[in-house]
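What follows is the content of target-v7.tsv (TSV, C-alpha atoms and all ligand atoms).
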chain	number	residue	atom	x	y	z
F	667	MET	CA	1.77	25.59	6.44
F	668	SER	CA	0.02	26.50	9.67
F	669	CYS	CA	-3.05	24.80	11.06
F	670	GLU	CA	-5.16	27.18	13.07
F	671	VAL	CA	-8.67	26.58	11.73
F	672	ASN	CA	-10.84	23.58	10.97
F	673	CYS	CA	-8.50	20.95	12.30
F	674	LEU	CA	-10.24	17.60	12.72
F	675	GLU	CA	-9.28	15.96	16.01
F	676	TYR	CA	-8.84	12.19	16.36
F	677	ASP	CA	-7.32	9.67	18.70
F	678	VAL	CA	-6.09	7.61	15.74
F	679	VAL	CA	-5.77	8.45	12.06
F	680	ILE	CA	-5.06	5.52	9.76
F	681	VAL	CA	-3.52	6.47	6.42
F	682	GLY	CA	-4.09	3.70	3.86
F	683	ALA	CA	-7.16	1.49	3.70
F	684	GLY	CA	-5.63	-1.70	2.34
F	685	LEU	CA	-5.77	-5.00	4.22
F	686	SER	CA	-3.39	-3.84	6.95
F	687	GLY	CA	-5.16	-0.51	7.59
F	688	LEU	CA	-8.57	-2.20	7.62
F	689	ALA	CA	-7.33	-4.97	9.94
F	690	ALA	CA	-5.98	-2.34	12.32
F	691	LEU	CA	-9.20	-0.35	12.08
F	692	GLN	CA	-11.29	-3.34	13.01
F	693	VAL	CA	-9.36	-3.81	16.27
F	694	ILE	CA	-9.10	-0.12	17.17
F	695	GLN	CA	-12.79	0.59	16.49
F	696	GLN	CA	-13.78	-1.74	19.31
F	697	HIS	CA	-12.33	0.62	21.93
F	698	SER	CA	-14.48	3.75	21.75
F	699	LEU	CA	-11.72	5.81	20.25
F	700	LYS	CA	-12.26	8.57	17.73
F	701	VAL	CA	-10.85	7.10	14.53
F	702	ALA	CA	-10.50	8.22	10.92
F	703	ILE	CA	-9.27	6.17	7.96
F	704	ILE	CA	-7.97	7.95	4.85
F	705	ASP	CA	-7.26	6.55	1.42
F	706	ASP	CA	-6.37	8.21	-1.86
F	707	LYS	CA	-8.39	5.68	-3.87
F	708	HIS	CA	-12.16	5.90	-4.41
F	709	GLU	CA	-12.86	2.66	-2.54
F	710	LEU	CA	-11.57	0.68	0.43
F	711	GLY	CA	-9.34	-2.37	0.03
F	712	GLY	CA	-6.06	-1.09	-1.46
F	713	ASN	CA	-4.16	-3.54	-3.62
F	714	TYR	CA	-6.33	-6.42	-2.49
F	715	LEU	CA	-8.92	-5.15	-4.98
F	716	LYS	CA	-6.52	-6.01	-7.80
F	717	ARG	CA	-6.73	-9.71	-7.01
F	718	ARG	CA	-8.11	-11.55	-9.99
F	719	TRP	CA	-10.80	-13.53	-8.15
F	720	LEU	CA	-12.15	-10.44	-6.43
F	721	ILE	CA	-13.03	-8.63	-9.63
F	722	ASP	CA	-16.31	-10.49	-10.02
F	723	HIS	CA	-17.10	-10.18	-6.30
F	724	ARG	CA	-16.44	-6.48	-5.77
F	725	HIS	CA	-20.03	-5.78	-4.82
F	726	SER	CA	-20.07	-8.43	-2.07
F	727	PHE	CA	-16.70	-7.25	-0.78
F	728	ASN	CA	-17.99	-3.65	-0.51
F	729	ARG	CA	-21.10	-4.87	1.31
F	730	LEU	CA	-18.90	-6.80	3.73
F	731	LEU	CA	-16.81	-3.66	4.39
F	732	ASP	CA	-19.98	-1.68	5.05
F	733	GLN	CA	-20.74	-4.18	7.81
F	734	VAL	CA	-17.21	-4.08	9.21
F	735	ILE	CA	-16.83	-0.30	9.47
F	736	GLU	CA	-18.51	1.20	12.51
F	737	PRO	CA	-20.74	4.25	11.90
F	738	SER	CA	-18.60	6.19	14.38
F	739	THR	CA	-15.51	5.80	12.18
F	740	ASP	CA	-14.88	8.64	9.72
F	741	VAL	CA	-13.91	7.35	6.27
F	742	PHE	CA	-12.21	9.72	3.84
F	743	LEU	CA	-11.88	8.24	0.35
F	744	ASN	CA	-10.18	10.13	-2.50
F	745	HIS	CA	-8.13	11.85	0.19
F	746	GLN	CA	-4.35	11.81	0.14
F	747	ALA	CA	-2.07	12.59	3.07
F	748	ILE	CA	0.56	14.83	1.51
F	749	GLY	CA	2.32	16.76	4.23
F	750	LEU	CA	2.52	18.19	7.70
F	751	TYR	CA	1.48	21.52	9.14
F	752	ALA	CA	3.93	23.36	11.36
F	753	ASP	CA	2.32	21.89	14.50
F	754	ASN	CA	2.75	18.30	13.17
F	755	SER	CA	-0.90	17.95	12.12
F	756	LEU	CA	-1.45	15.95	8.97
F	757	GLY	CA	-2.28	17.80	5.74
F	758	VAL	CA	-4.78	15.86	3.66
F	759	THR	CA	-6.12	16.86	0.26
F	760	ASP	CA	-9.04	15.77	-1.91
F	761	GLN	CA	-7.22	17.56	-4.78
F	762	GLN	CA	-9.38	20.65	-4.25
F	763	THR	CA	-9.12	21.56	-0.60
F	764	MET	CA	-6.73	20.83	2.23
F	765	THR	CA	-7.95	19.43	5.53
F	766	CYS	CA	-5.97	19.33	8.71
F	767	PHE	CA	-6.05	16.20	10.89
F	768	ARG	CA	-4.72	16.35	14.42
F	769	ALA	CA	-4.22	12.92	15.99
F	770	LYS	CA	-2.61	11.35	19.03
F	771	VAL	CA	-1.54	8.46	16.82
F	772	VAL	CA	-0.98	8.23	13.08
F	773	LEU	CA	-0.81	4.74	11.59
F	774	GLN	CA	0.90	4.60	8.23
F	775	SER	CA	-0.42	1.63	6.24
F	776	THR	CA	0.38	3.03	2.84
F	777	GLY	CA	1.53	-0.18	1.13
F	778	ALA	CA	4.44	-0.57	-1.26
F	779	ARG	CA	5.32	0.74	-4.70
F	780	GLU	CA	6.53	-1.43	-7.54
F	781	LEU	CA	9.89	-0.67	-9.11
F	782	PRO	CA	10.58	-1.61	-12.73
F	783	GLU	CA	13.79	-3.54	-13.42
F	784	GLN	CA	16.17	-1.22	-15.21
F	785	PHE	CA	18.10	-2.50	-18.24
F	786	GLU	CA	19.18	-0.94	-21.49
F	787	GLY	CA	15.97	0.07	-23.29
F	788	TRP	CA	13.69	-0.34	-20.24
F	789	GLN	CA	12.02	3.04	-20.95
F	790	LEU	CA	10.82	2.05	-24.42
F	791	PRO	CA	7.06	2.07	-25.01
F	792	GLY	CA	5.82	-1.47	-24.55
F	793	VAL	CA	7.95	-2.14	-21.45
F	794	ILE	CA	5.46	-2.22	-18.54
F	795	THR	CA	5.53	-3.16	-14.86
F	796	LEU	CA	3.96	-6.34	-13.48
F	797	ASP	CA	1.22	-4.33	-11.71
F	798	ALA	CA	0.40	-2.55	-14.97
F	799	TYR	CA	0.26	-5.90	-16.78
F	800	LEU	CA	-2.03	-7.46	-14.12
F	801	LYS	CA	-4.31	-4.43	-14.17
F	802	LEU	CA	-4.54	-4.31	-17.97
F	803	ARG	CA	-4.95	-8.07	-18.29
F	804	TYR	CA	-7.36	-8.85	-15.46
F	805	ILE	CA	-9.16	-5.59	-14.70
F	806	GLU	CA	-9.28	-3.91	-18.13
F	807	GLY	CA	-9.60	-7.29	-19.90
F	808	ILE	CA	-6.88	-6.50	-22.48
F	809	ILE	CA	-5.71	-9.49	-24.56
F	810	PHE	CA	-1.94	-9.33	-24.86
F	811	PRO	CA	-0.01	-10.01	-28.08
F	812	LYS	CA	1.71	-13.34	-28.71
F	813	ARG	CA	5.37	-12.66	-27.84
F	814	ILE	CA	6.14	-11.50	-24.32
F	815	GLY	CA	9.45	-10.81	-22.59
F	816	ILE	CA	9.64	-10.92	-18.80
F	817	VAL	CA	12.58	-9.38	-16.91
F	818	GLY	CA	13.38	-8.95	-13.24
F	819	ALA	CA	13.68	-10.31	-9.75
F	820	HIS	CA	10.05	-10.22	-8.62
F	821	PRO	CA	9.30	-13.70	-7.19
F	822	SER	CA	5.97	-13.94	-9.06
F	823	LEU	CA	7.53	-13.61	-12.51
F	824	PRO	CA	8.17	-17.35	-13.15
F	825	LYS	CA	4.52	-18.07	-12.28
F	826	VAL	CA	3.35	-15.25	-14.58
F	827	ALA	CA	5.53	-16.74	-17.35
F	828	GLN	CA	4.04	-20.19	-16.76
F	829	ASN	CA	0.45	-18.83	-16.92
F	830	LEU	CA	1.20	-16.95	-20.14
F	831	ARG	CA	2.75	-20.05	-21.74
F	832	GLU	CA	-0.32	-22.08	-20.76
F	833	GLU	CA	-2.44	-19.43	-22.49
F	834	GLY	CA	-0.41	-19.93	-25.71
F	835	HIS	CA	2.06	-17.03	-25.52
F	836	GLU	CA	5.72	-17.29	-26.50
F	837	VAL	CA	7.58	-16.16	-23.39
F	838	VAL	CA	11.22	-15.17	-22.84
F	839	LEU	CA	12.01	-15.05	-19.11
F	840	ALA	CA	15.23	-13.26	-18.10
F	841	SER	CA	16.57	-12.94	-14.57
F	842	THR	CA	18.44	-9.89	-13.33
F	843	ASN	CA	21.84	-11.57	-13.38
F	844	GLN	CA	21.57	-12.00	-17.14
F	845	SER	CA	22.59	-9.30	-19.58
F	846	VAL	CA	19.37	-7.84	-20.98
F	847	THR	CA	18.80	-5.16	-23.64
F	848	ALA	CA	15.54	-4.10	-25.26
F	849	PHE	CA	15.53	-2.77	-28.82
F	850	GLY	CA	13.01	-0.88	-30.92
F	851	LYS	CA	12.41	2.63	-32.19
F	852	ASP	CA	8.92	3.73	-31.15
F	853	GLN	CA	8.00	0.46	-29.47
F	854	VAL	CA	9.92	-2.50	-28.02
F	855	LYS	CA	10.56	-5.06	-30.79
F	856	LYS	CA	13.39	-7.30	-29.58
F	857	LEU	CA	14.89	-8.47	-26.32
F	858	SER	CA	18.49	-9.59	-26.12
F	859	VAL	CA	19.22	-12.00	-23.25
F	860	ASP	CA	22.91	-12.88	-22.81
F	861	GLY	CA	23.39	-12.07	-26.49
F	862	ALA	CA	20.49	-14.21	-27.80
F	863	LYS	CA	17.89	-12.03	-29.56
F	864	HIS	CA	14.15	-12.68	-29.33
F	865	ASP	CA	11.24	-10.94	-31.07
F	866	VAL	CA	8.84	-9.48	-28.48
F	867	ASP	CA	5.68	-7.37	-28.60
F	868	VAL	CA	5.60	-6.44	-24.90
F	869	VAL	CA	8.07	-6.70	-22.01
F	870	ILE	CA	6.97	-7.06	-18.38
F	871	SER	CA	9.60	-5.69	-16.01
F	872	SER	CA	9.59	-5.84	-12.21
F	873	LYS	CA	12.30	-5.54	-9.62
F	874	GLY	CA	10.00	-5.90	-6.62
F	875	TYR	CA	8.41	-3.49	-4.17
F	876	VAL	CA	9.64	-0.71	-1.90
F	877	PRO	CA	7.60	0.39	1.13
F	878	VAL	CA	5.81	3.73	0.76
F	879	ASN	CA	7.20	5.54	3.79
F	880	GLU	CA	6.93	9.23	2.95
F	881	LEU	CA	4.94	10.00	6.11
F	882	ALA	CA	7.55	8.40	8.38
F	883	HIS	CA	10.18	10.59	6.72
F	884	LEU	CA	7.99	13.69	7.05
F	885	TYR	CA	7.40	13.05	10.73
F	886	GLY	CA	11.09	12.37	11.18
F	887	TYR	CA	10.49	8.94	12.62
F	888	PRO	CA	13.39	6.57	12.00
F	889	LEU	CA	12.26	3.04	11.09
F	890	LYS	CA	13.80	-0.05	12.57
F	891	TYR	CA	13.07	-3.74	11.96
F	892	LYS	CA	11.17	-5.05	15.01
F	893	LYS	CA	9.98	-8.63	15.06
F	894	ASP	CA	7.18	-8.03	17.59
F	895	SER	CA	5.76	-5.31	15.35
F	896	GLY	CA	5.71	-7.66	12.37
F	897	GLY	CA	8.19	-5.65	10.30
F	898	TRP	CA	9.63	-2.16	10.06
F	899	ALA	CA	8.37	0.00	12.90
F	900	ALA	CA	8.83	3.59	13.97
F	901	LEU	CA	11.31	3.88	16.81
F	902	PRO	CA	9.90	5.04	20.15
F	903	VAL	CA	10.06	8.80	20.33
F	904	ASP	CA	10.70	11.46	22.86
F	905	LYS	CA	7.70	12.59	24.88
F	906	THR	CA	7.74	16.08	23.40
F	907	ARG	CA	6.20	14.79	20.16
F	908	GLN	CA	2.47	15.44	19.94
F	909	THR	CA	1.78	12.64	17.52
F	910	SER	CA	2.98	9.10	17.88
F	911	PHE	CA	3.62	7.17	14.70
F	912	PHE	CA	3.16	3.50	13.79
F	913	VAL	CA	3.62	1.50	10.58
F	914	ALA	CA	1.80	-1.62	9.33
F	915	GLY	CA	1.49	-3.86	6.27
F	916	ARG	CA	3.60	-3.56	3.18
F	917	ALA	CA	4.81	-0.15	4.32
F	918	SER	CA	6.48	-2.07	7.16
F	919	GLY	CA	7.92	-4.72	4.84
F	920	THR	CA	5.29	-7.49	4.83
F	921	GLN	CA	5.16	-9.55	1.64
F	922	THR	CA	1.88	-11.44	1.67
F	923	GLU	CA	-1.73	-10.61	2.38
F	924	GLU	CA	-1.74	-12.82	5.47
F	925	GLU	CA	1.31	-10.99	6.85
F	926	SER	CA	-0.32	-7.64	6.08
F	927	VAL	CA	-3.47	-8.54	8.02
F	928	GLN	CA	-1.44	-9.91	10.95
F	929	SER	CA	0.72	-6.82	11.01
F	930	GLY	CA	-2.37	-4.55	11.07
F	931	ILE	CA	-3.80	-6.48	14.02
F	932	GLN	CA	-0.49	-6.55	15.91
F	933	VAL	CA	0.19	-2.85	15.40
F	934	ALA	CA	-3.39	-1.99	16.45
F	935	HIS	CA	-2.73	-3.74	19.78
F	936	ASN	CA	0.56	-1.83	20.12
F	937	ILE	CA	-1.35	1.43	19.50
F	938	LEU	CA	-3.95	0.54	22.14
F	939	THR	CA	-1.20	-0.24	24.65
F	940	TYR	CA	0.49	3.05	23.82
F	941	LEU	CA	-2.73	5.06	24.24
F	942	GLU	CA	-3.55	3.28	27.48
F	943	LYS	CA	-0.11	4.15	28.90
F	944	GLU	CA	-0.44	7.73	27.69
F	945	GLY	CA	-3.87	7.94	29.32
F	946	GLU	CA	-2.49	6.63	32.61
F	947	GLU	CA	0.41	9.09	32.54
F	948	HIS	CA	-1.56	12.17	31.57
F	949	GLY	CA	-5.09	11.32	32.73
F	950	SER	CA	-6.08	12.52	29.30
F	951	GLU	CA	-9.48	12.71	27.72
F	952	SER	CA	-8.70	9.68	25.59
F	953	SER	CA	-8.16	7.46	28.62
F	954	ASN	CA	-11.60	8.40	29.87
F	955	ARG	CA	-13.12	7.47	26.55
F	956	MET	CA	-11.20	4.23	26.11
F	957	SER	CA	-12.70	0.96	27.23
F	958	LEU	CA	-9.75	-1.44	26.98
E	1	LIG	C1	-1.97	-7.25	-8.71
E	1	LIG	C2	-1.58	-7.75	-7.34
E	1	LIG	C3	-1.72	-9.10	-7.02
E	1	LIG	C4	-1.38	-9.58	-5.75
E	1	LIG	N1	-1.51	-10.89	-5.48
E	1	LIG	C5	-1.19	-11.36	-4.25
E	1	LIG	C6	-1.32	-12.75	-3.93
E	1	LIG	O1	-1.70	-13.55	-4.79
E	1	LIG	N2	-1.04	-13.16	-2.65
E	1	LIG	C7	-0.60	-12.28	-1.69
E	1	LIG	O2	-0.35	-12.70	-0.55
E	1	LIG	N3	-0.43	-10.96	-1.98
E	1	LIG	C8	-0.72	-10.50	-3.22
E	1	LIG	N4	-0.55	-9.17	-3.51
E	1	LIG	C9	-0.03	-8.28	-2.47
E	1	LIG	C10	-1.15	-7.86	-1.53
E	1	LIG	O3	-2.06	-7.07	-2.28
E	1	LIG	C11	-0.56	-7.08	-0.40
E	1	LIG	O4	0.24	-7.89	0.40
E	1	LIG	C12	-1.59	-6.47	0.53
E	1	LIG	O5	-2.77	-6.12	-0.13
E	1	LIG	C13	-0.95	-5.24	1.10
E	1	LIG	O6	-1.83	-4.59	1.98
E	1	LIG	P1	-1.39	-3.20	2.61
E	1	LIG	O7	-2.54	-2.78	3.46
E	1	LIG	O8	-0.07	-3.27	3.25
E	1	LIG	O9	-1.18	-2.20	1.39
E	1	LIG	P2	-2.11	-1.76	0.14
E	1	LIG	O10	-3.13	-2.79	-0.20
E	1	LIG	O11	-1.14	-1.36	-0.91
E	1	LIG	O12	-2.88	-0.49	0.71
E	1	LIG	C14	-2.27	0.76	0.87
E	1	LIG	C15	-3.33	1.82	0.57
E	1	LIG	O13	-2.81	3.08	0.98
E	1	LIG	C16	-3.13	4.05	0.00
E	1	LIG	N5	-2.19	5.17	0.15
E	1	LIG	C17	-0.86	5.18	-0.07
E	1	LIG	N6	-0.32	6.37	0.20
E	1	LIG	C18	-1.35	7.15	0.64
E	1	LIG	C19	-1.45	8.50	1.10
E	1	LIG	N7	-0.38	9.30	1.20
E	1	LIG	N8	-2.67	8.98	1.46
E	1	LIG	C20	-3.78	8.20	1.40
E	1	LIG	N9	-3.74	6.91	0.97
E	1	LIG	C21	-2.55	6.39	0.60
E	1	LIG	C22	-2.97	3.28	-1.30
E	1	LIG	O14	-3.63	3.90	-2.40
E	1	LIG	C23	-3.64	1.96	-0.91
E	1	LIG	O15	-5.03	2.00	-1.13
E	1	LIG	C24	-0.88	-8.68	-4.77
E	1	LIG	C25	-0.73	-7.30	-5.10
E	1	LIG	C26	-1.07	-6.84	-6.36
E	1	LIG	C27	-0.88	-5.38	-6.68
Would you mind writing the structure in this file as structure tokens?
Amino acid sequence: MSCEVNCLEYDVVIVGAGLSGLAALQVIQQHSLKVAIIDDKHELGGNYLKRRWLIDHRHSFNRLLDQVIEPSTDVFLNHQAIGLYADNSLGVTDQQTMTCFRAKVVLQSTGARELPEQFEGWQLPGVITLDAYLKLRYIEGIIFPKRIGIVGAHPSLPKVAQNLREEGHEVVLASTNQSVTAFGKDQVKKLSVDGAKHDVDVVISSKGYVPVNELAHLYGYPLKYKKDSGGWAALPVDKTRQTSFFVAGRASGTQTEEESVQSGIQVAHNILTYLEKEGEEHGSESSNRMSL
């Protein structure tokens, strides 16, 4: 891909508008920089929107975000960063057209992806991930059948099992170090745990989360764990690169919402320091515009 026409120019492009991207945005916006935030979902908030308590308060949350986002910030919803042009500009699609974003800094705050626990029979219909269960149960309002198997290493699974038992479900909870097999022809029917067979209607399976780091790989930025960056961070790069790259939130390995917000704030300060140094070295346009 080449990027010769219609390239949008920014000081900072934030990819991912979850808690970490929004936290970073809030800090960066205060410094008269040209900023864009991109998210592939139709609204801001990322996975935070899946929280049970927020479902009834979505309207208030959106109103709050409207207050937080400065009019000078460009917000691109339903836009996904999918690749790079030859000159390292970011290729972003709304599924119909491609737009090119050229930025001094790209912040990747793209969250994490859930992995299902794999065991014999894990691909049977009726075996679903924890995220899928939470979405169906709390957002779609689906009432689940009586007998539920739960398999995997995700730390929330014992709590999910407890909640389901309190709601009257029969729950079989299996950890990863047990021998687990699911049986059934067109739909999961039984779960064998260390040889003991249980009737089940649905199995929830979750191994945990892996950071979504495709952009770091595309840019060729190696990631390294750095405590002062709050998690995995892109290694400093040679000065020939036109775009500097930062990582925040679950993409950098944070586990909780609090950590994600803190990481967004911390990384935003690192970005400001970087841009300030760049401005001093090159006397660039951005340093004139910045008011640090
Ligand atoms: C159902 C559920 C319940 C949870 N409950 C809790 C809890 O009780 N307590 C707690 O501390 N944490 C909880 N979490 C985790 C919490 O949501 C996260 O820690 C936090 O929201 C992560 O924020 P983030 O900004 O790192 O990522 P996310 O919120 O995942 O945001 C990343 C955003 O980037 C977008 N994106 C990804 N790739 C691209 C791309 N290429 N282009 C454009 N956009 C892209 C994604 O669609 C998403 O909107 C829960 C998560 C889920 C799913």
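Using all atoms listed in the file, the shortest contact distance between ligand LIG 1 (chain E) and any of F:Val678, F:Ala914, F:Ile931, F:Ile735 is found at F:Ala914.
Minimum atom-to-atom distances from F:Leu674, F:Ala840, F:Ile694, F:Val826 to ligand LIG 1 (chain E) were compared using all atoms listed in the file, and the lowest value belongs to F:Val826.
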>> I'd like to know which of F:Phe767, F:Tyr804, F:Phe912, F:Tyr891 is closest to ligand LIG 1 (chain E), using all atoms listed in the file.
In response: F:Tyr804
>> To check your reading of the model: which residues sit at most 7 Å from ligand LIG 1 (chain E) when counting all atoms listed in the file? Write the answer as an MDAnalysis selection string.
In response: chainID F and resid 681:687 704:707 710:714 716:717 745:748 775:778 797 800:801 878 914:917 920:924 926
Considering only C-alpha atoms, give me a table of residues in stretch 765-832 of chain F that are at most 10 Å from stretch 862-868 of chain F, with the closest atom pair and distance in Å for each, as CSV.
residue,atom,partner,partner_atom,distance
F:Leu790,CA,F:Val868,CA,10.0
F:Pro791,CA,F:Val868,CA,8.6
F:Gly792,CA,F:Val868,CA,5.0
F:Val793,CA,F:Val868,CA,6.0
F:Ile794,CA,F:Val868,CA,7.6
F:Tyr799,CA,F:Val868,CA,9.7
F:Phe810,CA,F:Val868,CA,8.1
F:Pro811,CA,F:Asp867,CA,6.3
F:Lys812,CA,F:Asp867,CA,7.2
F:Arg813,CA,F:Val866,CA,4.8
F:Ile814,CA,F:Val868,CA,5.1
F:Gly815,CA,F:Val866,CA,6.1
F:Ile816,CA,F:Val868,CA,8.6
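Minimum distance to F:Leu881 across F:Trp788, F:Phe911, F:Tyr676, F:Trp898 (counting only C-alpha atoms) occurs at F:Phe911.
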> Which distance in Å separates atom CA of F:Gln844 and atom CA of F:Thr795, to one decimal?
Replying inline: 18.5 Å
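Across the model, the gap from atom CA of F:Asp722 to atom CA of F:Val837 is 28.0 Å.
Minimum atom-to-atom distance to F:Gly886, evaluated using all atoms listed in the file, belongs to F:Asn754 out of F:Ser858, F:Asn754, F:Asn672, F:Ser726.
With all atoms listed in the file as the atoms that count, the minimum distance from F:Ala899 to the choices F:Leu773, F:Leu743, F:Leu750, F:Ala798 is reached by F:Leu773.
As for atom CA of F:Val876 and atom CA of F:Asp860, they are spaced 27.6 Å apart.
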Residues within 12 Å of (3.4, -14.8, -15.2), file coords, only C-alpha atoms, listed as a compact mmCIF listing (two decimals) with C-alpha atoms, keeping the file's coordinate frame:
# COMPACT_ATOMS: atom_id res chain seq x y z
CA THR F 795 5.53 -3.16 -14.86
CA LEU F 796 3.96 -6.34 -13.48
CA ASP F 797 1.22 -4.33 -11.71
CA TYR F 799 0.26 -5.90 -16.78
CA LEU F 800 -2.03 -7.46 -14.12
CA ARG F 803 -4.95 -8.07 -18.29
CA ILE F 814 6.14 -11.50 -24.32
CA GLY F 815 9.45 -10.81 -22.59
CA ILE F 816 9.64 -10.92 -18.80
CA VAL F 817 12.58 -9.38 -16.91
CA GLY F 818 13.38 -8.95 -13.24
CA HIS F 820 10.05 -10.22 -8.62
CA PRO F 821 9.30 -13.70 -7.19
CA SER F 822 5.97 -13.94 -9.06
CA LEU F 823 7.53 -13.61 -12.51
CA PRO F 824 8.17 -17.35 -13.15
CA LYS F 825 4.52 -18.07 -12.28
CA VAL F 826 3.35 -15.25 -14.58
CA ALA F 827 5.53 -16.74 -17.35
CA GLN F 828 4.04 -20.19 -16.76
CA ASN F 829 0.45 -18.83 -16.92
CA LEU F 830 1.20 -16.95 -20.14
CA ARG F 831 2.75 -20.05 -21.74
CA GLU F 832 -0.32 -22.08 -20.76
CA GLU F 833 -2.44 -19.43 -22.49
CA HIS F 835 2.06 -17.03 -25.52
CA GLU F 836 5.72 -17.29 -26.50
CA VAL F 837 7.58 -16.16 -23.39
CA VAL F 838 11.22 -15.17 -22.84
CA LEU F 839 12.01 -15.05 -19.11
CA VAL F 869 8.07 -6.70 -22.01
CA ILE F 870 6.97 -7.06 -18.38
CA SER F 871 9.60 -5.69 -16.01
CA SER F 872 9.59 -5.84 -12.21
